[in-house]
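Q: For reference, this is final22.cif, and it has mmCIF, C-alpha atoms.
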```
data_data
#
loop_
_atom_site.label_atom_id
_atom_site.label_comp_id
_atom_site.auth_asym_id
_atom_site.auth_seq_id
_atom_site.Cartn_x
_atom_site.Cartn_y
_atom_site.Cartn_z
CA MET X 1 80.87 144.75 68.49
CA ASN X 2 79.15 141.41 69.06
CA GLN X 3 75.93 140.76 70.96
CA ASN X 4 77.61 140.07 74.28
CA ASP X 5 79.59 143.29 74.21
CA PHE X 6 76.45 145.18 73.36
CA MET X 7 74.48 143.60 76.19
CA GLN X 8 77.23 144.51 78.61
CA LEU X 9 77.30 148.07 77.36
CA VAL X 10 73.53 148.39 77.61
CA SER X 11 72.70 146.51 80.79
CA PRO X 12 73.56 149.31 83.27
CA PHE X 13 70.97 151.65 81.78
CA LYS X 14 68.31 149.52 80.11
CA ASP X 15 66.16 149.68 83.23
CA LYS X 16 66.48 153.45 83.22
CA ILE X 17 65.26 153.58 79.63
CA PHE X 18 62.29 151.47 80.63
CA ARG X 19 61.42 153.66 83.62
CA VAL X 20 61.69 156.90 81.66
CA ALA X 21 59.52 155.41 78.90
CA LYS X 22 57.01 154.25 81.45
CA ARG X 23 56.92 157.68 83.06
CA LEU X 24 55.94 159.23 79.76
CA LEU X 25 53.79 156.50 78.23
CA VAL X 26 52.29 155.26 81.53
CA SER X 27 51.40 151.82 80.15
CA THR X 28 53.91 149.07 80.95
CA GLU X 29 53.46 147.32 77.60
CA GLU X 30 54.06 150.47 75.62
CA ALA X 31 57.09 151.24 77.73
CA GLU X 32 58.46 147.76 76.99
CA ASP X 33 57.92 148.27 73.26
CA ALA X 34 59.63 151.64 73.44
CA THR X 35 62.61 150.15 75.28
CA GLN X 36 63.00 147.40 72.72
CA GLU X 37 62.72 149.87 69.90
CA VAL X 38 65.41 152.15 71.36
CA LEU X 39 67.77 149.26 72.10
CA VAL X 40 67.36 147.81 68.61
CA LYS X 41 68.07 151.23 67.12
CA LEU X 42 71.21 151.44 69.25
CA TRP X 43 72.24 147.96 68.14
CA ASN X 44 71.78 148.91 64.49
CA LYS X 45 74.10 151.86 64.99
CA ASN X 46 76.58 149.34 66.37
CA ASP X 47 80.06 150.51 65.33
CA GLY X 48 78.88 154.09 65.03
CA LEU X 49 78.42 154.11 68.81
CA SER X 50 82.12 154.69 69.51
CA VAL X 51 81.69 158.23 68.18
CA TYR X 52 79.51 159.23 71.14
CA ASN X 53 81.24 159.85 74.44
CA SER X 54 78.22 158.79 76.49
CA VAL X 55 76.07 156.05 75.03
CA GLU X 56 73.78 156.32 78.03
CA ALA X 57 73.00 159.98 77.37
CA LEU X 58 72.41 159.15 73.71
CA ALA X 59 70.06 156.33 74.67
CA MET X 60 68.12 158.57 77.04
CA THR X 61 67.74 161.26 74.39
CA MET X 62 66.53 158.66 71.91
CA THR X 63 64.05 157.34 74.45
CA LYS X 64 62.73 160.81 75.17
CA ASN X 65 62.30 161.61 71.49
CA TYR X 66 60.74 158.25 70.70
CA CYS X 67 58.19 158.52 73.52
CA LEU X 68 57.25 162.10 72.67
CA ASP X 69 56.77 161.04 69.04
CA GLN X 70 54.57 158.18 70.18
CA LEU X 71 52.45 160.52 72.26
CA LYS X 72 52.19 163.02 69.47
CA SER X 73 51.14 160.46 66.86
CA LYS X 74 48.53 159.09 69.22
CA ARG X 75 47.08 162.52 69.83
CA ALA X 76 47.10 163.38 66.15
CA SER X 77 45.00 160.40 65.16
CA ASN X 78 41.44 161.61 65.30
CA LEU X 79 39.90 158.20 65.89
CA LYS X 80 40.33 157.11 69.44
CA ILE X 81 39.06 154.00 71.06
CA VAL X 82 38.97 154.80 74.71
CA HIS X 83 38.15 151.73 76.65
CA ASN X 84 36.58 153.63 79.50
CA ASN X 85 33.83 154.63 77.11
CA PHE X 86 32.00 151.45 77.82
CA THR X 87 33.28 150.27 81.17
CA ASP X 88 32.11 151.13 84.60
CA ARG X 89 33.90 154.35 85.51
CA THR X 90 33.89 153.76 89.22
CA PRO X 91 37.22 152.28 90.26
CA SER X 92 37.27 148.70 91.42
CA LEU X 93 37.46 147.96 95.10
CA GLN X 94 41.06 146.92 94.70
CA GLN X 95 41.83 150.18 92.92
CA GLN X 96 40.21 152.12 95.73
CA VAL X 97 42.31 150.33 98.30
CA GLU X 98 45.41 150.99 96.24
CA ASP X 99 44.53 154.64 95.87
CA SER X 100 44.47 155.08 99.58
CA ASP X 101 48.12 154.11 99.53
CA SER X 102 49.97 157.40 99.58
CA LEU X 103 52.77 156.18 97.32
CA THR X 104 50.22 155.68 94.56
CA TRP X 105 49.04 159.21 95.18
CA VAL X 106 52.53 160.50 94.47
CA GLU X 107 52.64 158.52 91.24
CA LYS X 108 49.30 159.95 90.21
CA VAL X 109 50.41 163.50 90.87
CA ILE X 110 53.60 163.00 88.90
CA ASN X 111 51.69 161.54 85.98
CA GLN X 112 49.52 164.63 85.87
CA LEU X 113 52.49 166.94 85.45
CA PRO X 114 53.39 168.26 81.99
CA GLU X 115 55.68 165.91 80.02
CA GLN X 116 58.74 168.10 80.39
CA GLN X 117 58.43 168.26 84.20
CA ARG X 118 57.66 164.55 84.39
CA LEU X 119 60.86 163.78 82.53
CA ILE X 120 62.91 166.05 84.74
CA ILE X 121 61.47 164.64 87.98
CA GLN X 122 62.15 161.14 86.65
CA MET X 123 65.73 161.92 85.77
CA ARG X 124 66.63 163.92 88.84
CA ASP X 125 64.65 162.46 91.72
CA ILE X 126 64.40 158.88 90.58
CA GLU X 127 67.42 158.21 88.38
CA GLN X 128 69.53 160.86 90.15
CA TYR X 129 71.32 162.31 87.16
CA GLU X 130 73.41 165.45 87.61
CA TYR X 131 71.96 168.66 86.15
CA GLU X 132 74.68 168.69 83.54
CA GLU X 133 73.67 165.25 82.27
CA ILE X 134 69.97 166.10 82.23
CA ALA X 135 70.75 169.24 80.26
CA LYS X 136 72.59 167.16 77.68
CA ILE X 137 69.85 164.52 77.46
CA LEU X 138 66.94 166.93 77.20
CA GLU X 139 68.84 169.46 75.09
CA MET X 140 67.90 172.28 77.49
CA ASN X 141 69.98 174.63 79.62
CA GLU X 142 70.54 173.95 83.31
CA THR X 143 68.68 176.98 84.62
CA ALA X 144 65.54 176.03 82.75
CA ILE X 145 65.81 172.54 84.18
CA ARG X 146 66.19 173.84 87.74
CA VAL X 147 63.16 176.07 87.31
CA ALA X 148 61.01 173.28 85.88
CA LEU X 149 62.18 170.87 88.58
CA SER X 150 61.41 173.31 91.35
CA ARG X 151 57.97 173.88 89.88
CA ALA X 152 57.29 170.16 89.63
CA ARG X 153 58.47 169.48 93.18
CA LYS X 154 56.33 172.29 94.52
CA THR X 155 53.28 170.95 92.69
CA ILE X 156 53.81 167.57 94.31
CA ARG X 157 54.32 169.19 97.71
CA GLU X 158 51.17 171.23 97.39
CA PHE X 159 49.17 168.16 96.51
CA MET X 160 50.63 166.03 99.27
CA THR X 161 49.98 168.74 101.85
CA LYS X 162 46.41 169.01 100.66
CA THR X 163 45.72 165.28 100.91
CA HIS X 164 47.56 165.04 104.20
CA ARG X 165 45.48 167.77 105.78
CA TYR X 166 42.26 166.61 104.18
CA GLY X 167 39.41 166.90 106.67
CA ILE X 168 41.53 168.60 109.31
CA GLY X 169 41.08 172.14 108.06
CA MET W 170 70.34 165.36 111.22
CA GLU W 171 69.08 168.37 113.19
CA LEU W 172 65.61 169.61 112.54
CA ASP W 173 66.49 173.14 111.43
CA LYS W 174 69.08 171.81 108.99
CA THR W 175 66.50 169.46 107.54
CA GLU W 176 64.08 172.31 107.08
CA GLN W 177 66.72 174.39 105.35
CA LEU W 178 67.58 171.50 103.09
CA LEU W 179 63.90 171.00 102.25
CA GLU W 180 63.63 174.66 101.34
CA LYS W 181 66.64 174.34 99.06
CA TYR W 182 65.22 171.12 97.66
CA PHE W 183 61.99 172.74 96.59
CA ASP W 184 63.91 175.55 94.94
CA GLY W 185 65.86 172.99 92.94
CA GLU W 186 69.20 173.92 94.48
CA THR W 187 70.24 170.77 96.32
CA SER W 188 73.05 168.50 95.16
CA ILE W 189 72.59 164.76 94.69
CA GLN W 190 74.33 164.20 98.02
CA GLU W 191 72.01 166.55 99.90
CA GLU W 192 69.04 164.90 98.26
CA ASN W 193 70.31 161.55 99.45
CA GLU W 194 70.54 162.94 103.00
CA LEU W 195 66.92 164.03 102.79
CA ARG W 196 65.93 160.64 101.45
CA ALA W 197 67.72 158.88 104.28
CA TYR W 198 66.05 161.16 106.82
CA PHE W 199 62.56 160.53 105.49
CA SER W 200 63.05 156.79 105.27
CA SER W 201 64.08 156.66 108.94
CA SER W 202 61.49 156.09 111.65
CA ASP W 203 61.84 159.40 113.52
CA VAL W 204 60.48 161.99 111.13
CA ALA W 205 59.24 165.17 112.79
CA GLN W 206 55.47 165.27 112.79
CA HIS W 207 55.01 168.46 110.81
CA LEU W 208 57.20 166.98 108.02
CA GLU W 209 55.36 163.68 107.98
CA HIS W 210 53.57 164.41 104.71
CA TYR W 211 56.83 164.53 102.74
CA LYS W 212 57.47 160.91 103.58
CA PRO W 213 55.48 159.31 100.75
CA MET W 214 57.13 161.63 98.23
CA PHE W 215 60.65 160.51 99.04
CA GLY W 216 59.44 156.97 99.61
CA TYR W 217 58.01 156.91 96.13
CA PHE W 218 61.25 158.09 94.54
CA SER W 219 63.10 155.16 96.09
CA THR W 220 60.51 152.55 95.14
CA ALA W 221 60.11 153.86 91.61
CA LYS W 222 63.73 152.96 90.97
CA GLU W 223 63.00 149.30 91.62
CA GLN W 224 61.19 148.67 88.33
CA HIS W 225 63.13 146.56 85.87
CA PHE W 226 62.96 145.79 82.21
CA GLU W 227 62.60 142.05 81.81
CA GLN W 228 61.80 141.62 78.13
CA GLN W 229 64.18 140.01 75.67
CA ILE W 230 65.87 142.35 73.24
CA PRO W 231 65.42 141.17 69.64
CA LEU W 232 68.92 141.94 68.43
CA THR W 233 68.95 139.88 65.24
CA ALA W 234 68.43 142.30 62.42
CA ARG W 235 65.13 141.12 61.02
CA LYS W 236 64.73 144.05 58.69
CA ARG W 237 67.73 143.12 56.58
CA LYS W 238 66.37 139.61 55.92
CA VAL W 239 63.08 141.09 54.80
CA ALA W 240 64.97 143.36 52.41
CA TRP W 241 66.78 140.38 50.84
CA ILE W 242 63.55 138.46 50.41
CA SER W 243 61.94 141.39 48.65
CA VAL W 244 64.95 141.77 46.36
CA ALA W 245 64.77 138.07 45.45
CA ALA W 246 61.02 138.27 44.90
CA SER W 247 61.29 141.29 42.63
CA VAL W 248 63.99 139.54 40.55
CA VAL W 249 61.70 136.53 40.09
CA VAL W 250 58.76 138.75 39.12
CA LEU W 251 60.90 140.69 36.65
CA LEU W 252 62.20 137.46 35.07
CA GLY W 253 58.66 136.12 34.75
CA ALA W 254 57.34 139.31 33.20
CA GLY W 255 60.35 139.44 30.89
CA THR W 256 59.96 135.92 29.49
CA PHE W 257 56.19 136.36 29.12
CA ALA W 258 56.67 139.57 27.17
CA TYR W 259 59.41 137.99 25.05
CA PHE W 260 57.24 135.07 23.91
CA ASN W 261 54.17 137.17 23.34
CA TYR W 262 55.76 139.92 21.30
CA SER W 263 57.82 137.68 19.06
CA GLN W 264 54.83 135.72 17.62
CA PRO W 265 52.71 138.58 16.20
CA GLN W 266 55.83 139.99 14.59
CA GLN W 267 56.14 136.84 12.43
CA ASN W 268 52.47 137.07 11.31
CA ARG W 269 52.67 140.72 10.49
CA ASP W 270 54.91 139.99 7.50
CA LEU W 271 52.20 139.56 4.79
CA GLY W 272 54.43 139.64 1.71
CA THR W 273 54.53 142.18 -1.11
CA TYR W 274 54.31 142.47 -4.93
CA ASP W 275 57.13 143.50 -7.20
CA ASN W 276 55.02 144.20 -10.32
CA PRO W 277 52.69 147.26 -9.98
CA GLU W 278 50.09 145.77 -12.40
CA VAL W 279 49.76 142.60 -10.41
CA ALA W 280 49.50 144.70 -7.30
CA PHE W 281 46.73 146.82 -8.90
CA ARG W 282 44.76 143.70 -9.86
CA GLU W 283 45.09 142.20 -6.47
CA THR W 284 43.92 145.44 -4.86
CA GLN W 285 40.89 145.61 -7.14
CA LYS W 286 40.04 142.03 -6.28
CA ALA W 287 40.25 142.80 -2.61
CA LEU W 288 38.06 145.92 -2.95
CA GLU W 289 35.48 144.00 -5.01
CA MET W 290 35.26 141.40 -2.33
CA LEU W 291 34.74 144.15 0.19
CA SER W 292 31.96 145.88 -1.83
CA ASP W 293 30.21 142.51 -2.40
CA ASN W 294 30.04 142.02 1.27
CA VAL W 295 28.79 145.54 1.85
CA ASN W 296 26.02 145.00 -0.74
CA VAL W 297 24.90 141.83 1.02
CA GLY W 298 24.53 143.95 4.13
CA VAL W 299 22.58 146.70 2.29
CA GLU W 300 20.19 144.16 0.71
CA SER W 301 19.33 142.69 4.04
CA VAL W 302 18.33 146.15 5.23
CA GLN W 303 15.98 146.68 2.23
CA TYR W 304 12.94 145.30 4.04
CA ILE W 305 12.86 148.44 6.17
CA ASN W 306 11.50 150.20 3.04
CA GLU W 307 8.66 147.68 2.98
CA TYR W 308 7.88 148.71 6.53
CA GLU W 309 7.75 152.36 5.47
CA VAL W 310 5.21 151.55 2.73
CA THR W 311 2.96 149.69 5.15
CA ARG W 312 3.13 152.53 7.61
CA ASP W 313 2.09 155.02 4.90
CA LYS W 314 -0.92 152.85 4.13
CA ILE W 315 -2.09 152.76 7.71
CA PHE W 316 -1.47 156.38 8.70
CA ILE W 317 -2.48 157.78 5.27
CA VAL W 318 0.25 160.27 4.54
CA ASP W 319 -0.71 162.58 1.65
#
```
Would you mind giving the structure from this file in structure tokens?
A:
Amino acid sequence: MNQNDFMQLVSPFKDKIFRVAKRLLVSTEEAEDATQEVLVKLWNKNDGLSVYNSVEALAMTMTKNYCLDQLKSKRASNLKIVHNNFTDRTPSLQQQVEDSDSLTWVEKVINQLPEQQRLIIQMRDIEQYEYEEIAKILEMNETAIRVALSRARKTIREFMTKTHRYGIG
Amino acid sequence: MELDKTEQLLEKYFDGETSIQEENELRAYFSSSDVAQHLEHYKPMFGYFSTAKEQHFEQQIPLTARKRKVAWISVAASVVVLLGAGTFAYFNYSQPQQNRDLGTYDNPEVAFRETQKALEMLSDNVNVGVESVQYINEYEVTRDKIFIVD
């Protein structure tokens, strides 16, 4: 397989990899690094890829594992430089304006969900995978996925209802 | 889509039982302008799902296998280092081996005489050392005079 073939194979889902990585890692730069890493790993497998019946599912599984590893290694390191240690904690005016935007609220709620639920919401509601595919990617059974998804959706609903009714009673 | 059907679909949606097609119906409904007022607060949720799909990955993918090149360089470097160490060791170990061959005697009497000569030389040198330490005795005598030891 040469580079062009590979690019053609990868182009339909490289954005999906990026979005899933961003959902888990939150930072755009880290998500970009993760995407590159996963794609380079895929490229190094090269001829071995024909063994898999869905390269996309493989890529998604790799992305999930890579991001979870990243998160784990970051948590394990006991020295943390948190930049909000020394900056003004109050959000900037621009941030406040953005926060009032309800779409940003949804993003915030989703990012507060546990990693598993975040992944499932991303794959079902944003990338619109079938349950069967999600089950394969996340190596879980479909029922567990439905339960987690329902829980995640209800959490979002609860939060949106609360903010919507805020001040009304 | 009728209102009661939408509400049913929403119920199914939150239980995680809708199909992709039904979810798309809901999405279309909430992106339209006539959303019933009591369902208004679901709008941003579905709106977000559609906008979140717009993000794209725009970085270049570094497909040239850099790691392999690095591996070759390290192999070449280690060969050079090994060669260098090898030649250095070769030249350094071969010289002392030539000097270590000091010759030998065939006749035991000659050997005995030579050994005696060598030992004499050694004892001479030791005596020189002992003589130069003799003055310490002089020091002892002086000390006895001062501190009157009986």
Q: Name every residue that the PyMOL selection byres ((chain X and resi 24) around 12) selects in this structure, writing the answer as an MDAnalysis selection string with chains first and numbers rising.
A: chainID X and resid 17:23 25:28 30:31 34 63:72 107 110:123
Q: I need the output of the PyMOL selection byres ((chain W and resi 227) around 12) for this file as a list in words; which residues are they?
A: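 When the PyMOL selection byres ((chain W and resi 227) around 12) is applied, the selected residues are Ser11, Lys14, Asp15, Phe18, Arg19, Thr28, Glu29, Ala31, Glu32, Asp33, Thr35 and Gln36 of chain X; Gln224, His225, Phe226, Gln228, Gln229 and Ile230 of chain W.
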Q: Quick check on the file I pasted: which residues fall under the PyMOL selection byres ((chain X and resi 145) around 10)? Write them as an MDAnalysis selection string.
A: (chainID X and resid 116:117 120:121 124 131:132 134:135 138 140:144 146:151) or (chainID W and resid 185)
Q: Residues of chain W within 12 Å of chain X, counting only C-alpha atoms, what are they? List them as a ChimeraX atom specification.
A: /W:179-193,195-196,206-237
Q: If I take atom CA of Met60 of chain X and atom CA of Gln8 of chain X, how far is one from the other in Å, to one decimal?
A: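 Computing it gives 16.8 Å between the two atoms.
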Q: Kindly output segment 114-133 of chain X as a PDB file, in the frame of the given file, after building N, CA and C atoms.
A:
```pdb
ATOM      1  N   PRO X 114      53.055 168.188  83.418  1.00  0.00           N
ATOM      2  CA  PRO X 114      53.390 168.260  81.990  1.00  0.00           C
ATOM      3  C   PRO X 114      54.583 167.345  81.669  1.00  0.00           C
ATOM      4  N   GLU X 115      54.648 166.892  80.405  1.00  0.00           N
ATOM      5  CA  GLU X 115      55.680 165.910  80.020  1.00  0.00           C
ATOM      6  C   GLU X 115      57.096 166.343  80.384  1.00  0.00           C
ATOM      7  N   GLN X 116      57.401 167.590  80.101  1.00  0.00           N
ATOM      8  CA  GLN X 116      58.740 168.100  80.390  1.00  0.00           C
ATOM      9  C   GLN X 116      59.091 167.917  81.873  1.00  0.00           C
ATOM     10  N   GLN X 117      58.173 168.347  82.759  1.00  0.00           N
ATOM     11  CA  GLN X 117      58.430 168.260  84.200  1.00  0.00           C
ATOM     12  C   GLN X 117      58.492 166.809  84.659  1.00  0.00           C
ATOM     13  N   ARG X 118      57.639 165.969  84.036  1.00  0.00           N
ATOM     14  CA  ARG X 118      57.660 164.550  84.390  1.00  0.00           C
ATOM     15  C   ARG X 118      59.023 163.952  84.122  1.00  0.00           C
ATOM     16  N   LEU X 119      59.548 164.295  82.923  1.00  0.00           N
ATOM     17  CA  LEU X 119      60.860 163.780  82.530  1.00  0.00           C
ATOM     18  C   LEU X 119      61.930 164.230  83.515  1.00  0.00           C
ATOM     19  N   ILE X 120      61.855 165.508  83.877  1.00  0.00           N
ATOM     20  CA  ILE X 120      62.910 166.050  84.740  1.00  0.00           C
ATOM     21  C   ILE X 120      62.836 165.423  86.128  1.00  0.00           C
ATOM     22  N   ILE X 121      61.631 165.293  86.674  1.00  0.00           N
ATOM     23  CA  ILE X 121      61.470 164.640  87.980  1.00  0.00           C
ATOM     24  C   ILE X 121      62.036 163.216  87.911  1.00  0.00           C
ATOM     25  N   GLN X 122      61.682 162.510  86.815  1.00  0.00           N
ATOM     26  CA  GLN X 122      62.150 161.140  86.650  1.00  0.00           C
ATOM     27  C   GLN X 122      63.678 161.094  86.659  1.00  0.00           C
ATOM     28  N   MET X 123      64.282 161.995  85.924  1.00  0.00           N
ATOM     29  CA  MET X 123      65.730 161.920  85.770  1.00  0.00           C
ATOM     30  C   MET X 123      66.464 162.387  87.011  1.00  0.00           C
ATOM     31  N   ARG X 124      65.919 163.407  87.691  1.00  0.00           N
ATOM     32  CA  ARG X 124      66.630 163.920  88.840  1.00  0.00           C
ATOM     33  C   ARG X 124      66.296 163.124  90.106  1.00  0.00           C
ATOM     34  N   ASP X 125      65.009 163.025  90.425  1.00  0.00           N
ATOM     35  CA  ASP X 125      64.650 162.460  91.720  1.00  0.00           C
ATOM     36  C   ASP X 125      64.640 160.942  91.726  1.00  0.00           C
ATOM     37  N   ILE X 126      64.427 160.336  90.577  1.00  0.00           N
ATOM     38  CA  ILE X 126      64.400 158.880  90.580  1.00  0.00           C
ATOM     39  C   ILE X 126      65.712 158.309  90.068  1.00  0.00           C
ATOM     40  N   GLU X 127      66.170 158.761  88.899  1.00  0.00           N
ATOM     41  CA  GLU X 127      67.420 158.210  88.380  1.00  0.00           C
ATOM     42  C   GLU X 127      68.656 158.937  88.918  1.00  0.00           C
ATOM     43  N   GLN X 128      68.453 160.078  89.544  1.00  0.00           N
ATOM     44  CA  GLN X 128      69.530 160.860  90.150  1.00  0.00           C
ATOM     45  C   GLN X 128      70.663 161.229  89.205  1.00  0.00           C
ATOM     46  N   TYR X 129      70.302 161.767  88.061  1.00  0.00           N
ATOM     47  CA  TYR X 129      71.320 162.310  87.160  1.00  0.00           C
ATOM     48  C   TYR X 129      71.744 163.688  87.657  1.00  0.00           C
ATOM     49  N   GLU X 130      72.975 164.088  87.313  1.00  0.00           N
ATOM     50  CA  GLU X 130      73.410 165.450  87.610  1.00  0.00           C
ATOM     51  C   GLU X 130      72.729 166.406  86.627  1.00  0.00           C
ATOM     52  N   TYR X 131      72.614 167.681  87.030  1.00  0.00           N
ATOM     53  CA  TYR X 131      71.960 168.660  86.150  1.00  0.00           C
ATOM     54  C   TYR X 131      72.616 168.727  84.782  1.00  0.00           C
ATOM     55  N   GLU X 132      73.939 168.609  84.795  1.00  0.00           N
ATOM     56  CA  GLU X 132      74.680 168.690  83.540  1.00  0.00           C
ATOM     57  C   GLU X 132      74.227 167.594  82.576  1.00  0.00           C
ATOM     58  N   GLU X 133      74.077 166.371  83.123  1.00  0.00           N
ATOM     59  CA  GLU X 133      73.670 165.250  82.270  1.00  0.00           C
ATOM     60  C   GLU X 133      72.244 165.439  81.741  1.00  0.00           C
TER      61      GLU X 133
END
```
